[in-house]
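Q: One file: run_20.pdb (PDB, C-alpha atoms).
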```
ATOM      1  CA  MET A 186       0.000   0.000   0.000
ATOM      2  CA  THR A 187       1.215   3.505  -0.878
ATOM      3  CA  THR A 188       0.037   6.365   1.352
ATOM      4  CA  ALA A 189       0.214  10.039   0.358
ATOM      5  CA  ALA A 190       0.716  13.056   2.614
ATOM      6  CA  ASP A 191      -2.993  13.923   2.401
ATOM      7  CA  GLY A 192      -3.966  10.494   3.761
ATOM      8  CA  SER A 193      -5.028   9.020   0.418
ATOM      9  CA  TRP A 194      -3.773   5.560  -0.461
ATOM     10  CA  SER A 195      -3.425   3.221  -3.399
ATOM     11  CA  ILE A 196      -2.869  -0.484  -3.920
ATOM     12  CA  THR A 197      -1.636  -2.041  -7.158
ATOM     13  CA  VAL A 198      -2.548  -5.623  -8.027
ATOM     14  CA  THR A 199      -0.597  -7.129 -10.908
ATOM     15  CA  PRO A 200      -0.427 -10.487 -12.700
ATOM     16  CA  THR A 201       2.624 -12.688 -12.288
ATOM     17  CA  GLY A 202       4.834 -14.606 -14.693
ATOM     18  CA  ASP A 203       6.096 -14.025 -18.218
ATOM     19  CA  ALA A 204       6.331 -10.257 -17.794
ATOM     20  CA  GLY A 205       2.552 -10.045 -17.623
ATOM     21  CA  THR A 206       1.932 -11.557 -21.061
ATOM     22  CA  ASN A 207      -0.954 -13.581 -19.643
ATOM     23  CA  PRO A 208      -2.980 -11.180 -17.440
ATOM     24  CA  LEU A 209      -5.323 -13.964 -16.308
ATOM     25  CA  ARG A 210      -2.603 -16.391 -15.315
ATOM     26  CA  ALA A 211      -2.487 -15.490 -11.636
ATOM     27  CA  LEU A 212      -2.456 -12.680  -9.108
ATOM     28  CA  GLU A 213       0.278 -12.197  -6.539
ATOM     29  CA  ASP A 214      -1.539 -14.257  -3.911
ATOM     30  CA  GLY A 215      -1.480 -17.333  -6.159
ATOM     31  CA  THR A 216      -5.076 -17.108  -7.348
ATOM     32  CA  PRO A 217      -5.450 -19.402 -10.390
ATOM     33  CA  SER A 218      -6.474 -18.113 -13.792
ATOM     34  CA  GLY A 219     -10.006 -16.801 -14.053
ATOM     35  CA  THR A 220     -12.157 -14.738 -11.700
ATOM     36  CA  THR A 221     -10.742 -13.343  -8.479
ATOM     37  CA  TRP A 222     -11.928 -10.990  -5.735
ATOM     38  CA  LEU A 223     -10.687  -7.577  -4.689
ATOM     39  CA  MET A 224     -12.152  -6.814  -1.270
ATOM     40  CA  PHE A 225     -12.219  -3.539   0.661
ATOM     41  CA  ARG A 226     -13.096  -4.412   4.256
ATOM     42  CA  THR A 227     -13.792  -1.979   7.076
ATOM     43  CA  TYR A 228     -14.279  -2.611  10.790
ATOM     44  CA  LEU A 229     -16.548  -0.740  13.194
ATOM     45  CA  PRO A 230     -17.307   2.512  11.327
ATOM     46  CA  ASP A 231     -18.277   5.474  13.510
ATOM     47  CA  ASP A 232     -21.480   5.767  11.488
ATOM     48  CA  PRO A 233     -23.015   2.338  10.688
ATOM     49  CA  SER A 234     -24.937   3.898   7.806
ATOM     50  CA  MET A 235     -21.607   4.626   6.062
ATOM     51  CA  PRO A 236     -19.671   1.350   6.258
ATOM     52  CA  ALA A 237     -17.042   2.637   3.818
ATOM     53  CA  GLY A 238     -16.470   5.802   5.852
ATOM     54  CA  SER A 239     -17.303   9.410   5.082
ATOM     55  CA  LEU A 240     -15.147   9.433   1.927
ATOM     56  CA  GLY A 241     -16.993   6.528   0.330
ATOM     57  CA  LEU A 242     -15.641   3.603  -1.626
ATOM     58  CA  PRO A 243     -12.215   3.705  -3.292
ATOM     59  CA  THR A 244     -11.874   4.241  -7.028
ATOM     60  CA  LEU A 245     -10.957   1.167  -9.082
ATOM     61  CA  GLU A 246      -8.834   1.550 -12.216
ATOM     62  CA  ILE A 247      -7.871  -1.153 -14.687
ATOM     63  CA  ALA A 248      -4.748  -0.732 -16.799
ATOM     64  CA  ASP A 249      -4.084  -3.162 -19.639
ATOM     65  CA  GLU A 250      -3.202  -3.235 -23.318
ATOM     66  CA  TRP A 251      -6.405  -1.325 -24.052
ATOM     67  CA  GLY A 252      -5.435   1.590 -21.822
ATOM     68  CA  THR A 253      -6.497   2.786 -18.360
ATOM     69  CA  ARG A 254     -10.147   3.108 -17.392
ATOM     70  CA  VAL A 255     -12.138   3.705 -14.221
ATOM     71  CA  VAL A 256     -14.685   1.057 -13.256
ATOM     72  CA  GLU A 257     -18.021   2.623 -12.384
ATOM     73  CA  PRO A 258     -19.493   1.448  -9.048
ATOM     74  CA  CYS A 259     -22.705  -0.553  -9.011
ATOM     75  CA  THR A 260     -25.912   1.023  -7.771
ATOM     76  CA  HIS A 261     -26.531   0.248  -4.119
ATOM     77  CA  PRO A 262     -29.732  -1.782  -3.700
ATOM     78  CA  SER A 263     -32.599   0.068  -2.046
ATOM     79  CA  SER A 264     -33.518  -2.961   0.035
ATOM     80  CA  THR A 265     -31.868  -6.114   1.321
ATOM     81  CA  PRO A 266     -33.050  -9.397  -0.256
ATOM     82  CA  PRO A 267     -34.870 -11.675   2.178
ATOM     83  CA  ALA A 268     -32.660 -14.196   3.910
ATOM     84  CA  THR A 269     -32.787 -17.801   2.804
ATOM     85  CA  PRO A 270     -34.220 -19.990   5.578
ATOM     86  CA  ALA A 271     -31.425 -21.842   7.311
ATOM     87  CA  SER A 272     -31.297 -25.603   7.060
ATOM     88  CA  THR A 273     -31.846 -27.643  10.205
ATOM     89  CA  GLU A 274     -30.407 -30.851   8.809
ATOM     90  CA  GLY A 275     -26.862 -32.043   8.383
ATOM     91  CA  SER A 276     -23.728 -32.112  10.477
ATOM     92  CA  ALA A 277     -20.674 -30.005  11.079
ATOM     93  CA  PRO A 278     -18.308 -29.682   8.105
ATOM     94  CA  GLU A 279     -15.276 -31.947   8.133
ATOM     95  CA  TRP A 280     -13.003 -29.095   9.228
ATOM     96  CA  LEU A 281     -15.026 -28.774  12.450
ATOM     97  CA  GLU A 282     -15.468 -32.461  13.209
ATOM     98  CA  THR A 283     -13.703 -32.162  16.554
ATOM     99  CA  PRO A 284     -14.859 -32.739  20.129
ATOM    100  CA  GLU A 285     -17.496 -30.243  21.155
ATOM    101  CA  LEU A 286     -16.157 -26.920  22.421
ATOM    102  CA  ALA A 287     -12.565 -27.780  21.443
ATOM    103  CA  PHE A 288     -11.123 -24.739  19.671
ATOM    104  CA  LYS A 289      -9.050 -25.492  16.594
ATOM    105  CA  ARG A 290      -7.442 -23.287  13.988
ATOM    106  CA  PRO A 291      -9.041 -24.245  10.654
ATOM    107  CA  GLN A 292      -7.321 -24.339   7.305
ATOM    108  CA  PRO A 293      -7.343 -20.804   5.822
ATOM    109  CA  THR A 294      -9.214 -22.045   2.747
ATOM    110  CA  PHE A 295     -12.177 -22.926   4.976
ATOM    111  CA  THR A 296     -12.595 -19.429   6.421
ATOM    112  CA  PRO A 297     -14.524 -16.658   4.633
ATOM    113  CA  PHE A 298     -12.217 -14.726   2.305
ATOM    114  CA  PRO A 299      -8.982 -15.918   3.976
ATOM    115  CA  ASN A 300      -6.097 -13.507   4.254
ATOM    116  CA  ALA A 301      -2.688 -13.389   5.873
ATOM    117  CA  ASP A 302      -3.733 -10.803   8.484
ATOM    118  CA  ALA A 303      -6.468 -12.802  10.245
ATOM    119  CA  ALA A 304      -6.497 -16.077  12.147
ATOM    120  CA  TYR A 305      -9.561 -17.893  13.464
ATOM    121  CA  LEU A 306     -10.250 -20.411  16.195
ATOM    122  CA  ALA A 307     -13.503 -22.349  15.892
ATOM    123  CA  ALA A 308     -15.329 -24.937  17.971
ATOM    124  CA  PRO A 309     -18.544 -26.844  17.187
ATOM    125  CA  ALA A 310     -21.400 -27.654  19.546
ATOM    126  CA  THR A 311     -24.904 -29.106  19.350
ATOM    127  CA  ARG A 312     -27.738 -27.316  21.128
ATOM    128  CA  ARG A 313     -28.759 -28.706  24.518
ATOM    129  CA  ALA A 314     -32.202 -27.783  25.775
ATOM    130  CA  GLY A 315     -32.107 -25.481  28.779
ATOM    131  CA  GLU A 316     -28.324 -25.101  28.713
ATOM    132  CA  VAL A 317     -26.060 -22.284  27.638
ATOM    133  CA  VAL A 318     -22.470 -22.179  26.393
ATOM    134  CA  VAL A 319     -20.049 -20.120  28.475
ATOM    135  CA  ILE A 320     -16.692 -18.981  27.060
ATOM    136  CA  ARG A 321     -13.997 -17.499  29.241
ATOM    137  CA  ALA A 322     -10.526 -16.077  28.454
ATOM    138  CA  LYS A 323      -8.264 -13.108  28.999
ATOM    139  CA  ALA A 324      -8.704 -10.364  26.417
ATOM    140  CA  PRO A 325      -5.839  -9.120  24.250
ATOM    141  CA  SER A 326      -5.514  -5.352  24.135
ATOM    142  CA  PHE A 327      -6.404  -3.383  21.021
ATOM    143  CA  PRO A 328      -5.934   0.261  19.978
ATOM    144  CA  GLU A 329      -8.810   2.520  20.959
ATOM    145  CA  ALA A 330      -7.922   5.062  18.265
ATOM    146  CA  ASP A 331      -7.737   4.415  14.533
ATOM    147  CA  VAL A 332      -4.017   3.685  14.494
ATOM    148  CA  SER A 333      -1.843   0.712  13.715
ATOM    149  CA  PRO A 334      -1.061  -1.504  16.713
ATOM    150  CA  ILE A 335       2.564  -1.639  15.664
ATOM    151  CA  GLY A 336       4.392   0.393  18.280
ATOM    152  CA  SER A 337       1.168   1.524  19.974
ATOM    153  CA  GLY A 338       1.379  -0.949  22.838
ATOM    154  CA  ALA A 339      -1.697  -2.922  21.726
ATOM    155  CA  ASP A 340      -1.563  -6.701  21.383
ATOM    156  CA  LEU A 341      -3.440  -6.744  18.071
ATOM    157  CA  ARG A 342      -5.541  -4.583  15.789
ATOM    158  CA  TYR A 343      -8.934  -6.226  16.342
ATOM    159  CA  TRP A 344     -10.611  -9.314  17.783
ATOM    160  CA  SER A 345     -14.177 -10.554  17.867
ATOM    161  CA  TRP A 346     -16.452 -13.510  18.625
ATOM    162  CA  CYS A 347     -19.043 -14.764  16.143
ATOM    163  CA  GLN A 348     -21.649 -17.500  16.220
ATOM    164  CA  PHE A 349     -22.264 -19.409  12.984
ATOM    165  CA  GLY A 350     -25.031 -21.865  12.172
ATOM    166  CA  LEU A 351     -24.160 -25.253  10.716
ATOM    167  CA  PRO A 352     -24.326 -26.725   8.166
ATOM    168  CA  SER A 353     -25.291 -23.464   6.417
ATOM    169  CA  THR A 354     -22.281 -21.545   7.917
ATOM    170  CA  LYS A 355     -24.580 -18.509   8.117
ATOM    171  CA  THR A 356     -23.405 -15.803  10.510
ATOM    172  CA  VAL A 357     -25.933 -15.460  13.319
ATOM    173  CA  ALA A 358     -24.327 -12.667  15.350
ATOM    174  CA  CYS A 359     -20.961 -11.223  16.361
ATOM    175  CA  VAL A 360     -19.554  -9.087  19.153
ATOM    176  CA  ALA A 361     -16.501  -6.879  18.582
ATOM    177  CA  ASP A 362     -13.651  -6.296  21.008
ATOM    178  CA  GLN A 363     -14.821  -2.853  22.119
ATOM    179  CA  ASP A 364     -18.246  -4.249  23.052
ATOM    180  CA  VAL A 365     -16.999  -7.149  25.189
ATOM    181  CA  PRO A 366     -17.085  -6.266  28.923
ATOM    182  CA  LEU A 367     -13.901  -7.005  30.883
ATOM    183  CA  ASP A 368     -13.459  -7.639  34.584
ATOM    184  CA  ALA A 369     -10.840  -5.942  36.734
ATOM    185  CA  GLU A 370      -8.182  -8.451  35.637
ATOM    186  CA  GLY A 371      -8.969  -8.064  31.917
ATOM    187  CA  TRP A 372     -10.920 -11.327  31.492
ATOM    188  CA  TYR A 373     -14.187 -11.665  29.586
ATOM    189  CA  THR A 374     -17.203 -13.967  29.578
ATOM    190  CA  VAL A 375     -19.284 -14.745  26.488
ATOM    191  CA  VAL A 376     -22.582 -16.608  26.794
ATOM    192  CA  ILE A 377     -24.375 -18.223  23.822
ATOM    193  CA  SER A 378     -27.943 -19.438  24.153
ATOM    194  CA  ASP A 379     -31.379 -19.439  22.626
ATOM    195  CA  PRO A 380     -33.084 -16.114  23.428
ATOM    196  CA  ALA A 381     -35.615 -17.955  25.597
ATOM    197  CA  ASP A 382     -32.766 -19.475  27.636
ATOM    198  CA  ARG A 383     -30.748 -16.280  28.023
ATOM    199  CA  PRO A 384     -29.701 -15.956  31.689
ATOM    200  CA  THR A 385     -31.001 -12.833  33.362
ATOM    201  CA  ASN A 386     -27.410 -11.876  34.237
ATOM    202  CA  ALA A 387     -26.032 -12.410  30.711
ATOM    203  CA  THR A 388     -25.940  -8.677  30.010
ATOM    204  CA  ALA A 389     -23.268  -6.041  29.492
ATOM    205  CA  ALA A 390     -24.337  -4.461  32.793
ATOM    206  CA  ASP A 391     -23.395  -7.743  34.469
ATOM    207  CA  GLY A 392     -20.067  -7.907  32.647
ATOM    208  CA  VAL A 393     -21.176 -10.539  30.114
ATOM    209  CA  ALA A 394     -21.355 -10.502  26.297
ATOM    210  CA  TRP A 395     -24.293 -12.530  24.952
ATOM    211  CA  LEU A 396     -24.829 -14.029  21.478
ATOM    212  CA  PRO A 397     -27.964 -15.814  20.207
ATOM    213  CA  TRP A 398     -27.656 -19.447  19.144
ATOM    214  CA  GLY A 399     -29.589 -19.129  15.885
ATOM    215  CA  ARG A 400     -32.082 -21.455  14.199
ATOM    216  CA  GLU A 401     -29.779 -24.374  13.438
ATOM    217  CA  PRO A 402     -29.102 -27.077  16.050
ATOM    218  CA  ILE A 403     -25.350 -27.115  15.399
ATOM    219  CA  ALA A 404     -23.205 -24.052  15.939
ATOM    220  CA  ALA A 405     -19.610 -22.981  15.426
ATOM    221  CA  PHE A 406     -18.192 -20.423  17.840
ATOM    222  CA  ALA A 407     -15.346 -18.495  16.227
ATOM    223  CA  LEU A 408     -12.697 -16.178  17.642
ATOM    224  CA  ARG A 409     -10.946 -13.882  15.156
ATOM    225  CA  ASN A 410      -7.570 -12.219  15.776
ATOM    226  CA  LEU A 411      -6.477  -9.556  13.301
ATOM    227  CA  VAL A 412      -2.919  -8.251  12.793
ATOM    228  CA  PRO A 413      -1.110  -9.141  16.032
ATOM    229  CA  ASP A 414       1.841  -7.018  17.073
ATOM    230  CA  PRO A 415       5.147  -8.878  16.509
ATOM    231  CA  SER A 416       5.800  -8.702  20.243
ATOM    232  CA  PHE A 417       2.501 -10.435  21.074
ATOM    233  CA  ASP A 418       3.067 -14.175  20.733
ATOM    234  CA  GLU A 419      -0.188 -15.437  22.284
ATOM    235  CA  ALA A 420      -2.588 -14.580  19.459
ATOM    236  CA  ALA A 421      -4.601 -17.193  17.551
ATOM    237  CA  GLN A 422      -1.827 -17.057  14.953
ATOM    238  CA  ALA A 423       0.360 -18.976  17.453
ATOM    239  CA  VAL A 424      -1.829 -22.078  17.081
ATOM    240  CA  PRO A 425      -0.660 -24.373  14.249
ATOM    241  CA  VAL A 426      -3.095 -24.691  11.364
ATOM    242  CA  SER A 427      -5.431 -27.654  12.084
ATOM    243  CA  GLY A 428      -4.136 -27.694  15.659
ATOM    244  CA  THR A 429      -6.070 -27.333  18.910
ATOM    245  CA  ALA A 430      -5.539 -24.151  20.922
ATOM    246  CA  THR A 431      -3.789 -24.730  24.252
ATOM    247  CA  THR A 432      -2.253 -22.545  26.932
ATOM    248  CA  THR A 433       1.130 -23.499  25.486
ATOM    249  CA  HIS A 434       0.168 -21.481  22.417
ATOM    250  CA  MET A 435      -1.944 -18.680  23.888
ATOM    251  CA  GLY A 436      -1.490 -18.604  27.660
ATOM    252  CA  ASP A 437      -4.453 -17.029  29.456
ATOM    253  CA  HIS A 438      -5.835 -15.902  26.074
ATOM    254  CA  THR A 439      -6.795 -19.527  25.297
ATOM    255  CA  PRO A 440     -10.602 -19.702  25.127
ATOM    256  CA  LEU A 441     -12.181 -22.229  27.483
ATOM    257  CA  ALA A 442     -15.830 -23.169  26.919
ATOM    258  CA  THR A 443     -18.355 -25.329  28.713
ATOM    259  CA  PHE A 444     -22.058 -26.135  28.690
ATOM    260  CA  CYS A 445     -23.881 -24.901  31.760
ATOM    261  CA  ALA A 446     -27.421 -24.968  33.099
ATOM    262  CA  ARG A 447     -29.066 -21.577  32.844
ATOM    263  CA  SER A 448     -29.976 -21.745  36.534
ATOM    264  CA  THR A 449     -26.343 -22.384  37.486
ATOM    265  CA  PHE A 450     -25.114 -19.371  35.556
ATOM    266  CA  GLU A 451     -27.819 -17.173  37.047
ATOM    267  CA  ALA A 452     -26.959 -18.317  40.565
ATOM    268  CA  GLU A 453     -23.169 -18.612  40.401
ATOM    269  CA  GLY A 454     -21.989 -16.968  37.189
ATOM    270  CA  HIS A 455     -19.085 -18.354  35.201
ATOM    271  CA  GLU A 456     -17.428 -19.585  38.404
ATOM    272  CA  GLY A 457     -20.215 -22.085  38.991
ATOM    273  CA  CYS A 458     -20.207 -23.216  35.372
ATOM    274  CA  PHE A 459     -16.479 -23.903  35.281
ATOM    275  CA  SER A 460     -16.185 -25.439  38.741
ATOM    276  CA  ASN A 461     -16.925 -28.878  37.284
ATOM    277  CA  ALA A 462     -15.687 -28.212  33.763
ATOM    278  CA  GLN A 463     -12.618 -29.793  32.220
ATOM    279  CA  PRO A 464      -9.570 -27.659  33.090
ATOM    280  CA  ALA A 465      -7.876 -25.608  30.397
ATOM    281  CA  LEU A 466      -5.352 -27.476  28.259
TER
END
```
Rewrite the structure from the file as structure tokens, please.
A:
Amino acid sequence: MTTAADGSWSITVTPTGDAGTNPLRALEDGTPSGTTWLMFRTYLPDDPSMPAGSLGLPTLEIADEWGTRVVEPCTHPSSTPPATPASTEGSAPEWLETPELAFKRPQPTFTPFPNADAAYLAAPATRRAGEVVVIRAKAPSFPEADVSPIGSGADLRYWSWCQFGLPSTKTVACVADQDVPLDAEGWYTVVISDPADRPTNATAADGVAWLPWGREPIAAFALRNLVPDPSFDEAAQAVPVSGTATTTHMGDHTPLATFCARSTFEAEGHEGCFSNAQPAL
């Protein structure tokens, strides 16, 4: 990326091999010949109605043997198409066929639009009537201002938890780092449940982030870590691809999850839920 003094930036994507004689051969990331994606992704805009920011979308230019031309943007739809009903049949994909609530780092090709800056940990689980899932870990720090974490003292640029339905892989809901309550020691608690089974104390006021289960009986709980600082060696990126996250890799940042009766969480909080849970790896 090239950044100008006025804050504007540009990125050049070029073909590889044979001095560019075959422009569809491949892009620099190894994409095979044919169609590829160029994605402009933003996180947590100040104004949700302007996801690309106040300056709008970047301009896209194509330069080839026919010259240089600007690609006109598509018209934004006036309404969102209705969602396709989620399937309630099937089983977890092969990449998540692990013991329930065991967090593994999936192959990058099995994550949505994989890139070198993000790493995911995911764990499957099947709904249990009247029970909730409780996740507990220490939170990595992140920059509060819109600056790079490199040299800013933050552990990484961004982290979040999302709940996906399976087998559709549809995103049900997510919670971003800035919206996850922390206790005095910097630890967080995430609770996932059906809305009807949501504990009365699973609220931000009680220091808990809550996510809905969704319509499908199988779920995948996913932690995303984005752009860790080189000095922070306990990010999800420390877990080998296809490996299970352990405290050897991530220390106190290793997510630990357990099923828990709603009544137990309401009466004793995460302490009661984890008192009989398997200890962290």
Q: Check the smallest atom-to-atom distance from each of A:Ala189, A:Phe406, A:Asp379, A:Asp232 to Glu285 of chain A using only C-alpha atoms, then report the winner.
A: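 Selected residue with least distance to Glu285 of chain A: A:Phe406.
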Q: Need the shell around Pro309 of chain A: protein/DNA/RNA residues with any atom at most 7 Å away, counting only C-alpha atoms. Skip same-chain ones fewer than 2 positions apart. Format as a count of residues only?
A: 7
Q: Pick from A:Pro352, A:Pro230, A:Pro328, A:Gly315: nearest to Pro402 of chain A, with only C-alpha atoms counted?
A: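 Once distances to Pro402 of chain A are computed over only C-alpha atoms, the minimum belongs to A:Pro352.
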Q: So which one's closest to Gly454 of chain A, A:Leu411, A:Ile320, A:Lys355, A:Val424? Using all atoms listed in the file, please.
A: A:Ile320
Q: From the options A:Asp382, A:Asp340, A:Asp362, A:Asp414, which residue's atoms come nearest to Glu316 of chain A, counting all atoms listed in the file?
A: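 Under the stated criterion, the closest residue is A:Asp382.
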Q: Select, from A:Lys323, A:Arg400, A:Ala389, A:Leu341, the residue with the minimum atom-to-atom distance to Ala358 of chain A, counting only C-alpha atoms.
A: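 Result for the nearest residue to Ala358 of chain A: A:Arg400.
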Q: For the atom pair atom CA of Val393 of chain A and atom CA of Ser427 of chain A, what is the interatomic distance in Å to one decimal place?
A: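 Separation between atom CA of Val393 of chain A and atom CA of Ser427 of chain A: 29.4 Å.
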Q: Take every atom of segment 364-379 of chain A listed in the file, fit an axis-aligned box around them, add 6 Å per side, and give the centre and edge lengths in Å to one decimal as AutoDock Vina command-line options.
A:
```
--center_x -19.8 --center_y -11.8 --center_z 29.7 --size_x 35.2 --size_y 27.2 --size_z 26.1
```
Q: Which polymer residues have any atom within 7 Å of an atom of segment 436-439 of chain A, counting all atoms listed in the file, with same-chain residues fewer than 4 positions away left out, as a ChimeraX atom specification?
A: /A:322-324,419,430-432
Q: Thr356 of chain A: which residues within 12 Å, counting all atoms listed in the file, same-chain residues fewer than 5 positions away excluded, as a list in words?
A: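 Result of the neighbour search: Ala268, Ala271, Pro297, Trp346, Cys347, Gln348, Phe349, Gly350, Leu351, Leu396, Pro397, Trp398, Gly399, Arg400, Glu401, Ala404, Ala405, Phe406 and Ala407 of chain A.
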Q: Using only C-alpha atoms, pick whichever of A:Ser239, A:Ser460, A:Thr443, A:Thr199 has the shortest atom-to-atom distance to Pro284 of chain A.
A: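 Residue with the minimum atom-to-atom distance to Pro284 of chain A: A:Thr443.
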Q: Any chance you could work out the residue set of the PyMOL selection byres ((chain A and resi 413) around 9) here, as a VMD selection string?
A: chain A and resid 302 to 303 334 to 335 339 to 343 410 to 412 414 to 422
